[in-house]
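Visitor: One file is attached below, entry-v8.cif, containing mmCIF, C-alpha atoms.
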```cif
data_final
#
loop_
_atom_site.label_atom_id
_atom_site.label_comp_id
_atom_site.auth_asym_id
_atom_site.auth_seq_id
_atom_site.Cartn_x
_atom_site.Cartn_y
_atom_site.Cartn_z
CA MET A 1 107.36 63.19 90.45
CA SER A 2 109.64 62.38 93.33
CA SER A 3 107.20 63.34 96.06
CA GLU A 4 104.68 60.90 94.65
CA THR A 5 107.26 58.18 94.53
CA SER A 6 108.30 58.71 98.13
CA SER A 7 104.67 58.86 99.21
CA LYS A 8 103.99 55.55 97.59
CA ARG A 9 106.96 54.08 99.34
CA SER A 10 105.78 55.31 102.73
CA GLY A 11 102.23 54.23 101.95
CA ARG A 12 100.79 57.72 102.61
CA ARG A 13 99.26 60.11 100.14
CA PRO A 14 100.79 63.59 100.18
CA GLY A 15 97.39 65.31 100.42
CA PRO A 16 94.64 64.85 103.01
CA THR A 17 94.08 61.20 103.85
CA THR A 18 90.56 61.40 105.24
CA THR A 19 87.46 63.48 104.77
CA ARG A 20 88.18 65.11 108.08
CA ASP A 21 91.66 66.14 106.94
CA ALA A 22 90.24 67.45 103.67
CA VAL A 23 87.69 69.55 105.55
CA ALA A 24 90.33 70.87 107.95
CA GLU A 25 92.64 71.81 105.10
CA ALA A 26 89.89 73.55 103.14
CA ALA A 27 88.75 75.36 106.29
CA ARG A 28 92.27 76.60 107.07
CA ARG A 29 92.71 77.87 103.55
CA GLN A 30 89.37 79.66 103.48
CA PHE A 31 89.72 81.21 106.94
CA ALA A 32 93.23 82.38 105.95
CA GLU A 33 92.24 83.85 102.62
CA LEU A 34 88.74 85.08 103.33
CA GLY A 35 88.66 85.63 107.08
CA TYR A 36 86.12 84.26 109.50
CA ASP A 37 83.13 86.16 108.22
CA ARG A 38 83.46 85.45 104.52
CA ALA A 39 84.35 81.79 104.96
CA THR A 40 81.21 79.64 104.86
CA MET A 41 80.48 76.05 105.85
CA ARG A 42 79.06 75.51 102.37
CA GLY A 43 82.17 76.87 100.64
CA ILE A 44 84.50 74.82 102.84
CA ALA A 45 82.48 71.67 102.23
CA GLY A 46 82.51 72.37 98.51
CA GLU A 47 86.28 72.75 98.41
CA ALA A 48 86.71 69.55 100.43
CA GLY A 49 84.32 67.75 98.08
CA VAL A 50 81.86 66.76 100.79
CA ASP A 51 78.32 67.67 101.71
CA ALA A 52 77.85 70.75 103.93
CA ALA A 53 75.62 68.72 106.28
CA LEU A 54 78.58 66.40 106.91
CA VAL A 55 80.77 69.33 107.97
CA VAL A 56 78.08 70.52 110.36
CA ARG A 57 77.77 66.99 111.77
CA PHE A 58 81.55 66.69 112.26
CA HIS A 59 82.28 70.13 113.61
CA GLY A 60 79.03 71.70 114.78
CA SER A 61 79.16 75.42 114.13
CA LYS A 62 81.56 77.54 112.08
CA GLU A 63 83.01 78.71 115.38
CA GLY A 64 83.65 75.12 116.45
CA LEU A 65 85.34 74.39 113.13
CA PHE A 66 87.45 77.53 113.47
CA ARG A 67 88.65 76.69 116.97
CA GLU A 68 89.44 73.15 115.92
CA VAL A 69 91.43 73.81 112.76
CA MET A 70 93.18 77.02 113.83
CA ALA A 71 95.01 75.60 116.85
CA LEU A 72 98.78 75.62 116.42
CA PRO A 73 100.38 72.17 116.47
CA PRO A 74 101.38 71.23 120.06
CA ALA A 75 104.99 70.90 118.88
CA THR A 76 105.06 74.60 118.04
CA ALA A 77 104.10 75.73 121.51
CA ALA A 78 106.64 73.32 122.98
CA ALA A 79 109.39 74.61 120.68
CA MET A 80 108.51 78.18 121.67
CA ALA A 81 108.84 77.46 125.38
CA GLY A 82 112.08 75.55 124.69
CA LEU A 83 113.73 78.74 123.41
CA ALA A 84 114.20 79.84 127.02
CA GLU A 85 116.74 77.05 127.51
CA GLY A 86 119.32 78.39 125.02
CA PRO A 87 121.73 81.29 125.59
CA ARG A 88 119.91 84.38 126.83
CA GLU A 89 121.88 86.75 124.60
CA THR A 90 120.59 85.07 121.45
CA VAL A 91 116.99 84.46 122.48
CA GLY A 92 115.71 87.35 120.32
CA ARG A 93 117.38 85.91 117.24
CA ARG A 94 116.17 82.37 117.96
CA PHE A 95 112.65 83.66 118.53
CA ALA A 96 112.80 85.62 115.25
CA GLU A 97 113.91 82.46 113.44
CA ALA A 98 111.02 80.50 114.98
CA VAL A 99 108.40 83.10 114.06
CA VAL A 100 109.66 83.75 110.53
CA GLY A 101 109.86 79.97 110.05
CA LEU A 102 106.29 79.53 111.27
CA LEU A 103 105.17 82.05 108.66
CA GLN A 104 107.14 80.39 105.87
CA ASP A 105 105.87 76.89 106.61
CA PRO A 106 102.89 76.11 104.39
CA ARG A 107 101.35 74.07 107.19
CA SER A 108 101.43 76.79 109.86
CA ARG A 109 101.17 79.97 107.76
CA PRO A 110 97.44 79.59 107.02
CA ILE A 111 96.82 79.12 110.74
CA VAL A 112 98.61 82.33 111.73
CA LEU A 113 97.19 84.39 108.85
CA GLY A 114 93.74 82.89 109.29
CA ARG A 115 93.68 83.96 112.90
CA ILE A 116 94.84 87.46 112.05
CA ARG A 117 92.45 87.97 109.14
CA SER A 118 89.60 86.57 111.15
CA ALA A 119 90.50 88.58 114.26
CA ALA A 120 90.06 91.73 112.20
CA SER A 121 86.42 90.95 111.58
CA HIS A 122 85.25 88.73 114.41
CA PRO A 123 85.52 89.00 118.22
CA ASP A 124 85.87 85.23 118.75
CA ALA A 125 88.87 85.14 116.46
CA ALA A 126 90.27 88.25 118.15
CA ALA A 127 90.06 86.45 121.47
CA LEU A 128 91.92 83.48 119.95
CA VAL A 129 94.77 85.72 118.78
CA ALA A 130 95.02 87.31 122.22
CA GLU A 131 94.97 83.80 123.73
CA MET A 132 97.76 82.61 121.43
CA VAL A 133 99.97 85.55 122.36
CA THR A 134 99.26 85.32 126.05
CA ARG A 135 99.79 81.57 126.21
CA ASP A 136 102.49 80.78 123.65
CA VAL A 137 104.65 83.88 123.94
CA GLY A 138 103.73 84.34 127.60
CA GLY A 139 105.14 80.92 128.48
CA LEU A 140 108.49 81.80 126.95
CA VAL A 141 108.67 85.21 128.61
CA ALA A 142 107.73 83.84 132.01
CA ALA A 143 110.60 81.36 131.72
CA LEU A 144 113.00 84.21 130.90
CA THR A 145 112.17 86.96 133.36
CA ASP A 146 109.81 88.12 136.08
CA ASP A 147 110.19 91.76 135.03
CA GLU A 148 106.82 92.73 133.49
CA PRO A 149 106.36 89.41 131.66
CA ARG A 150 102.81 90.15 130.47
CA THR A 151 103.77 93.51 129.00
CA ARG A 152 106.74 91.90 127.25
CA ALA A 153 104.57 89.14 125.80
CA ALA A 154 102.07 91.69 124.49
CA LEU A 155 104.84 93.79 122.90
CA VAL A 156 106.39 90.71 121.28
CA GLY A 157 102.93 89.72 120.08
CA SER A 158 102.35 93.15 118.56
CA GLN A 159 105.51 92.83 116.46
CA VAL A 160 104.71 89.24 115.46
CA VAL A 161 101.23 90.22 114.29
CA GLY A 162 102.63 93.32 112.59
CA LEU A 163 105.24 91.26 110.75
CA ALA A 164 102.66 88.72 109.57
CA PHE A 165 100.33 91.49 108.48
CA ALA A 166 102.94 93.63 106.72
CA ARG A 167 104.79 90.76 105.03
CA HIS A 168 102.00 88.33 104.23
CA VAL A 169 98.62 90.10 104.34
CA VAL A 170 99.30 93.62 103.05
CA GLY A 171 102.57 92.78 101.32
CA ILE A 172 104.53 95.94 102.17
CA GLU A 173 107.65 96.01 100.02
CA PRO A 174 110.49 95.33 100.34
CA LEU A 175 109.57 93.43 103.52
CA ALA A 176 107.23 91.12 101.62
CA SER A 177 110.00 89.81 99.37
CA LEU A 178 113.04 89.93 101.67
CA PRO A 179 114.74 86.57 102.18
CA VAL A 180 114.11 84.87 105.50
CA THR A 181 117.63 85.49 106.81
CA GLU A 182 117.33 89.26 106.32
CA VAL A 183 113.94 89.40 108.03
CA VAL A 184 115.47 87.52 110.96
CA ASP A 185 118.39 89.97 111.06
CA HIS A 186 116.00 92.92 111.20
CA LEU A 187 113.73 91.50 113.89
CA ALA A 188 116.27 89.82 116.16
CA PRO A 189 117.29 93.01 118.05
CA ILE A 190 113.64 94.02 118.49
CA PHE A 191 112.61 90.68 120.01
CA GLN A 192 115.80 90.65 122.10
CA HIS A 193 114.80 94.03 123.54
CA TYR A 194 111.18 93.08 124.19
CA LEU A 195 112.04 89.68 125.66
CA VAL A 196 114.94 90.46 128.00
CA GLY A 197 116.03 94.08 127.40
CA PRO A 198 115.53 97.09 129.68
CA LEU A 199 111.85 97.88 129.04
CA GLY A 200 110.70 101.45 128.96
CA THR A 201 114.12 102.96 128.45
CA ASP A 202 115.75 104.22 125.33
CA ALA A 203 117.97 101.27 124.49
CA MET B 1 75.41 120.69 128.33
CA SER B 2 78.55 122.72 128.02
CA SER B 3 79.53 121.37 124.62
CA GLU B 4 76.19 122.47 123.22
CA THR B 5 76.58 125.88 124.76
CA SER B 6 80.04 126.36 123.30
CA SER B 7 78.85 125.08 119.95
CA LYS B 8 76.07 127.59 119.92
CA ARG B 9 78.53 130.32 120.73
CA SER B 10 80.82 129.34 117.86
CA GLY B 11 77.82 128.87 115.59
CA ARG B 12 78.80 125.27 114.72
CA ARG B 13 77.08 122.08 115.71
CA PRO B 14 79.38 119.52 117.37
CA GLY B 15 78.25 116.72 115.05
CA PRO B 16 78.34 116.53 111.26
CA THR B 17 77.17 119.76 109.68
CA THR B 18 76.16 118.43 106.29
CA THR B 19 74.78 115.25 104.80
CA ARG B 20 78.19 114.62 103.26
CA ASP B 21 79.86 114.86 106.68
CA ALA B 22 77.24 112.56 108.17
CA VAL B 23 77.86 109.98 105.45
CA ALA B 24 81.65 110.24 105.86
CA GLU B 25 81.38 109.80 109.61
CA ALA B 26 79.05 106.81 109.34
CA ALA B 27 81.28 105.26 106.67
CA ARG B 28 84.42 105.66 108.80
CA ARG B 29 82.70 104.10 111.78
CA GLN B 30 81.35 101.15 109.79
CA PHE B 31 84.59 100.48 107.92
CA ALA B 32 86.46 100.63 111.25
CA GLU B 33 84.11 98.34 113.12
CA LEU B 34 82.99 95.97 110.41
CA GLY B 35 85.79 96.10 107.84
CA TYR B 36 85.40 96.75 104.13
CA ASP B 37 83.45 93.65 103.28
CA ARG B 38 80.79 93.78 105.93
CA ALA B 39 80.21 97.51 105.63
CA THR B 40 77.42 98.21 103.14
CA MET B 41 76.28 101.34 101.31
CA ARG B 42 72.78 100.67 102.64
CA GLY B 43 73.96 100.38 106.25
CA ILE B 44 76.11 103.51 106.01
CA ALA B 45 73.24 105.47 104.47
CA GLY B 46 70.92 104.21 107.20
CA GLU B 47 73.26 105.33 109.97
CA ALA B 48 73.67 108.74 108.32
CA GLY B 49 69.91 109.03 107.97
CA VAL B 50 69.95 109.43 104.21
CA ASP B 51 68.82 107.38 101.24
CA ALA B 52 71.28 104.78 99.89
CA ALA B 53 70.81 106.14 96.36
CA LEU B 54 72.11 109.51 97.59
CA VAL B 55 75.31 107.90 98.91
CA VAL B 56 75.83 106.18 95.56
CA ARG B 57 75.26 109.46 93.75
CA PHE B 58 77.74 111.32 96.00
CA HIS B 59 80.46 108.71 96.18
CA GLY B 60 79.95 106.24 93.36
CA SER B 61 81.01 102.80 94.53
CA LYS B 62 81.83 101.47 97.97
CA GLU B 63 85.47 101.53 96.91
CA GLY B 64 85.20 105.22 96.01
CA LEU B 65 83.61 105.97 99.37
CA PHE B 66 86.34 104.00 101.15
CA ARG B 67 89.17 105.84 99.41
CA GLU B 68 87.53 109.18 100.10
CA VAL B 69 86.77 108.82 103.78
CA MET B 70 89.83 106.77 104.81
CA ALA B 71 92.47 109.28 103.74
CA LEU B 72 94.45 110.67 106.67
CA PRO B 73 94.10 114.44 107.16
CA PRO B 74 96.83 116.28 105.18
CA ALA B 75 98.08 117.81 108.44
CA THR B 76 98.97 114.33 109.71
CA ALA B 77 101.26 113.53 106.80
CA ALA B 78 102.87 116.96 107.12
CA ALA B 79 103.43 116.46 110.87
CA MET B 80 104.98 113.05 110.16
CA ALA B 81 107.47 114.47 107.67
CA GLY B 82 108.21 117.33 110.09
CA LEU B 83 109.56 114.87 112.68
CA ALA B 84 112.77 114.68 110.66
CA GLU B 85 113.56 118.27 111.61
CA GLY B 86 113.90 117.65 115.36
CA PRO B 87 116.89 116.06 117.14
CA ARG B 88 117.86 112.75 115.54
CA GLU B 89 118.44 111.01 118.87
CA THR B 90 114.80 111.51 119.90
CA VAL B 91 113.11 110.83 116.57
CA GLY B 92 111.97 107.35 117.67
CA ARG B 93 110.27 108.79 120.74
CA ARG B 94 108.66 111.62 118.81
CA PHE B 95 107.44 109.17 116.18
CA ALA B 96 106.02 106.90 118.90
CA GLU B 97 104.19 109.90 120.41
CA ALA B 98 102.76 110.80 117.01
CA VAL B 99 101.56 107.26 116.27
CA VAL B 100 100.10 106.57 119.71
CA GLY B 101 98.44 110.00 119.55
CA LEU B 102 96.95 109.20 116.15
CA LEU B 103 95.45 106.04 117.62
CA GLN B 104 94.03 107.83 120.67
CA ASP B 105 92.42 110.63 118.68
CA PRO B 106 88.75 109.78 118.02
CA ARG B 107 88.98 111.52 114.65
CA SER B 108 91.94 109.53 113.30
CA ARG B 109 91.59 106.20 115.12
CA PRO B 110 88.67 104.97 112.98
CA ILE B 111 90.70 105.78 109.87
CA VAL B 112 93.72 103.74 110.96
CA LEU B 113 91.66 100.85 112.34
CA GLY B 114 89.30 100.93 109.38
CA ARG B 115 92.21 100.55 107.01
CA ILE B 116 93.68 97.68 109.00
CA ARG B 117 90.41 95.80 109.46
CA SER B 118 89.55 96.28 105.82
CA ALA B 119 93.03 95.34 104.62
CA ALA B 120 92.56 91.99 106.29
CA SER B 121 89.64 91.16 104.05
CA HIS B 122 90.03 93.20 100.88
CA PRO B 123 92.94 93.70 98.45
CA ASP B 124 92.06 97.36 97.69
CA ALA B 125 92.23 98.20 101.36
CA ALA B 126 95.46 96.22 101.67
CA ALA B 127 96.93 98.34 98.89
CA LEU B 128 95.85 101.49 100.75
CA VAL B 129 97.63 100.38 103.92
CA ALA B 130 100.78 99.62 101.95
CA GLU B 131 100.44 103.02 100.28
CA MET B 132 100.07 104.81 103.62
CA VAL B 133 103.19 103.17 104.99
CA THR B 134 105.22 103.74 101.86
CA ARG B 135 104.19 107.36 101.50
CA ASP B 136 103.73 108.69 105.03
CA VAL B 137 106.45 106.78 106.86
CA GLY B 138 108.61 106.62 103.73
CA GLY B 139 108.74 110.41 103.53
CA LEU B 140 110.04 110.67 107.07
CA VAL B 141 112.63 107.93 106.61
CA ALA B 142 113.90 109.38 103.34
CA ALA B 143 114.46 112.70 105.12
CA LEU B 144 116.45 110.92 107.85
CA THR B 145 118.73 108.50 106.02
CA ASP B 146 119.63 107.00 102.68
CA ASP B 147 120.56 103.67 104.27
CA GLU B 148 117.84 101.21 103.20
CA PRO B 149 114.99 103.74 103.60
CA ARG B 150 112.31 101.47 102.07
CA THR B 151 113.18 98.57 104.35
CA ARG B 152 113.15 100.88 107.37
CA ALA B 153 109.74 102.29 106.40
CA ALA B 154 108.32 98.78 106.02
CA LEU B 155 109.71 97.69 109.40
CA VAL B 156 108.32 100.81 111.09
CA GLY B 157 105.01 100.15 109.35
CA SER B 158 104.96 96.57 110.61
CA GLN B 159 105.27 97.74 114.23
CA VAL B 160 102.70 100.51 113.76
CA VAL B 161 100.18 98.06 112.32
CA GLY B 162 101.04 95.52 115.02
CA LEU B 163 100.54 98.08 117.76
CA ALA B 164 97.18 99.19 116.37
CA PHE B 165 96.10 95.58 115.98
CA ALA B 166 97.28 94.37 119.39
CA ARG B 167 96.10 97.41 121.37
CA HIS B 168 92.91 98.37 119.56
CA VAL B 169 91.64 95.47 117.46
CA VAL B 170 92.53 92.34 119.43
CA GLY B 171 92.99 94.08 122.77
CA ILE B 172 95.97 92.13 124.07
CA GLU B 173 96.40 92.91 127.76
CA PRO B 174 98.09 94.70 129.38
CA LEU B 175 99.00 96.60 126.20
CA ALA B 176 95.36 97.45 125.51
CA SER B 177 94.96 99.33 128.77
CA LEU B 178 98.43 100.81 129.32
CA PRO B 179 98.51 104.60 129.58
CA VAL B 180 99.76 106.45 126.51
CA THR B 181 103.03 107.49 128.14
CA GLU B 182 103.99 103.89 128.90
CA VAL B 183 103.19 102.72 125.39
CA VAL B 184 105.40 105.51 124.07
CA ASP B 185 108.19 104.47 126.46
CA HIS B 186 108.01 100.88 125.20
CA LEU B 187 107.94 101.73 121.50
CA ALA B 188 110.40 104.63 121.40
CA PRO B 189 113.55 102.46 121.30
CA ILE B 190 112.06 100.21 118.63
CA PHE B 191 111.19 103.07 116.30
CA GLN B 192 114.56 104.70 117.04
CA HIS B 193 116.27 101.49 115.91
CA TYR B 194 114.16 101.03 112.79
CA LEU B 195 114.38 104.71 111.77
CA VAL B 196 118.06 105.52 112.29
CA GLY B 197 119.72 102.59 114.06
CA PRO B 198 122.17 100.06 112.63
CA LEU B 199 119.82 97.79 110.66
CA GLY B 200 120.47 94.08 110.52
CA THR B 201 122.79 93.97 113.49
CA ASP B 202 122.08 92.94 117.04
CA ALA B 203 121.68 96.34 118.67
#
```
Before we go any further, please render this structure as structure tokens.
Guide:
Amino acid sequence: MSSETSSKRSGRRPGPTTTRDAVAEAARRQFAELGYDRATMRGIAGEAGVDAALVVRFHGSKEGLFREVMALPPATAAAMAGLAEGPRETVGRRFAEAVVGLLQDPRSRPIVLGRIRSAASHPDAAALVAEMVTRDVGGLVAALTDDEPRTRAALVGSQVVGLAFARHVVGIEPLASLPVTEVVDHLAPIFQHYLVGPLGTDA
Amino acid sequence: MSSETSSKRSGRRPGPTTTRDAVAEAARRQFAELGYDRATMRGIAGEAGVDAALVVRFHGSKEGLFREVMALPPATAAAMAGLAEGPRETVGRRFAEAVVGLLQDPRSRPIVLGRIRSAASHPDAAALVAEMVTRDVGGLVAALTDDEPRTRAALVGSQVVGLAFARHVVGIEPLASLPVTEVVDHLAPIFQHYLVGPLGTDA
């Protein structure tokens, strides 16, 4: 298979390279599919092929493991804030592309869905989702406008969470199977309105 | 207390009047706060003050109980479909009022939140949420337009779920504490666009 060939060339295996990576990957998958409450240290260790005691030694509690593996890559937050530098009239579309892309990417999707699923059943995870919206989206909004930036960030966050939930958790059709470009087309005007439009008026 | 006095006058107690009502109320509360997986027949029976075997006899399985108590009142679905009869240019605002009202009402809020929390952790509940969106919102959209009605219903559903999640589950500020009228002001243009606006274009 070509991916194996290229991996050999680069000297890296395509899967997790260390026990720690294996644990992180298993944890992300289980938090995303089961939610915080149903995911267990034992189950995560089992999937990663290590002893549960090792996971506890590495990461402390389940909460510690959750916080560690469910952080978005720093590059994502930076890319989000960078959207403010492009043309203002297309910021909604560029934001929609970024969010839909984040949810398509097999590396970031489990993080977003894991937070949402877990937030539904656990207050710590709920706080993390609120934190993500306030920080990541809030940074972009603050760079765009000083007109009710916190309200705008919360509204944007509500549609991001709703999209992830409807398309990837519940699977509401036809949204669940629409191609990426159409989802972006549908969401672009909404994010444009929330980010820089005239809030609180019938647009 | 005045509520007791008025209840005595009307001859009805303010709380559940039968064991069945008590079980339904306890089940709604536990599904809403704990989600499908963490809610148990034993816990629900305990809260209702009845024997768990009685709950099983009345409702069969936990899934049966869930389906029974998490249905929206028939009047709600009828009111939703009725929105199509008012002026088209205000349908987004009237829909926003209906949805925000549904989430404020202590009788319907646990039903909506219970479905969302449960959908996050259980496929049956996820199917119920998809069903609610397809049927309740779908009926309204079909009465309004024949331009991509299923896509519109799914998009509306995504923002409804996102609002409920952000405002009531995660509690993203300031959305969580905004007065009802402001939330309606913010969502009205979004629902107007999704329901009858030019889909897939930058509005």
Visitor: Give me, as CSV, the closest atom pair and its distance (Å, one decimal) for every residue of chain A within a cut-off of 8 Å of chain B, counting only C-alpha atoms, rows sorted by chain and rising number.
Guide:
```
residue,atom,partner,partner_atom,distance
A:Glu33,CA,B:Ser121,CA,7.9
A:Leu34,CA,B:Ser121,CA,6.2
A:Gly35,CA,B:Ser121,CA,6.4
A:Ile116,CA,B:Ala120,CA,7.7
A:Arg117,CA,B:Ala120,CA,4.9
A:Ser118,CA,B:Ala120,CA,7.9
A:Ala119,CA,B:Val170,CA,6.7
A:Ala120,CA,B:Arg117,CA,4.9
A:Ser121,CA,B:Leu34,CA,6.2
A:Pro123,CA,B:Val170,CA,7.9
A:Ala126,CA,B:Val170,CA,4.8
A:Ala127,CA,B:Val170,CA,6.7
A:Val129,CA,B:Val170,CA,7.0
A:Ala130,CA,B:Ile172,CA,5.2
A:Val133,CA,B:Ile172,CA,7.9
A:Thr134,CA,B:Ile172,CA,7.8
A:Arg150,CA,B:Pro174,CA,6.6
A:Thr151,CA,B:Pro174,CA,5.8
A:Ala154,CA,B:Leu175,CA,6.0
A:Leu155,CA,B:Leu175,CA,7.3
A:Gly157,CA,B:Ala166,CA,7.3
A:Ser158,CA,B:Gly162,CA,4.5
A:Gln159,CA,B:Gln159,CA,5.4
A:Val160,CA,B:Gly162,CA,7.3
A:Val161,CA,B:Gly162,CA,5.4
A:Gly162,CA,B:Gly162,CA,3.6
A:Leu163,CA,B:Ser158,CA,5.3
A:Phe165,CA,B:Ser158,CA,7.2
A:Ala166,CA,B:Ser158,CA,5.3
A:Val169,CA,B:Ala120,CA,6.6
A:Val170,CA,B:Ala126,CA,4.8
A:Gly171,CA,B:Ala130,CA,7.1
A:Ile172,CA,B:Ala130,CA,5.3
A:Glu173,CA,B:Ala154,CA,6.6
A:Pro174,CA,B:Thr151,CA,5.8
A:Leu175,CA,B:Ala154,CA,6.0
A:Glu182,CA,B:Gly200,CA,7.1
A:Asp185,CA,B:Gly200,CA,4.6
A:His186,CA,B:Gly200,CA,4.7
A:Leu187,CA,B:Gly200,CA,8.0
A:Ala188,CA,B:Asp202,CA,6.7
A:Pro189,CA,B:Asp202,CA,4.9
A:Ile190,CA,B:Ile190,CA,6.4
A:Leu199,CA,B:His186,CA,6.2
A:Gly200,CA,B:Asp185,CA,4.7
A:Thr201,CA,B:Asp185,CA,6.4
A:Asp202,CA,B:Pro189,CA,4.9
A:Ala203,CA,B:Pro189,CA,5.6
```
Visitor: Within 12 Å of (70.0, 105.3, 102.5) (coordinates as in the file), grab all the protein and nucleic acid residues, counting only C-alpha atoms, and write them out as a PyMOL selection string.
Guide: chain B and resi 19+22-23+26+40-58
Visitor: Can you tell me how far CA of Phe31 in chain B sits from CA of Gly64 in chain B, in Å to one decimal?
Guide: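 Separating CA of Phe31 in chain B from CA of Gly64 in chain B is a distance of 12.8 Å.
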Visitor: Could you tell me how far CA of Ser177 in chain B sits from CA of Gln104 in chain B, in Å to one decimal place?
Guide: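 It comes out at 11.8 Å.
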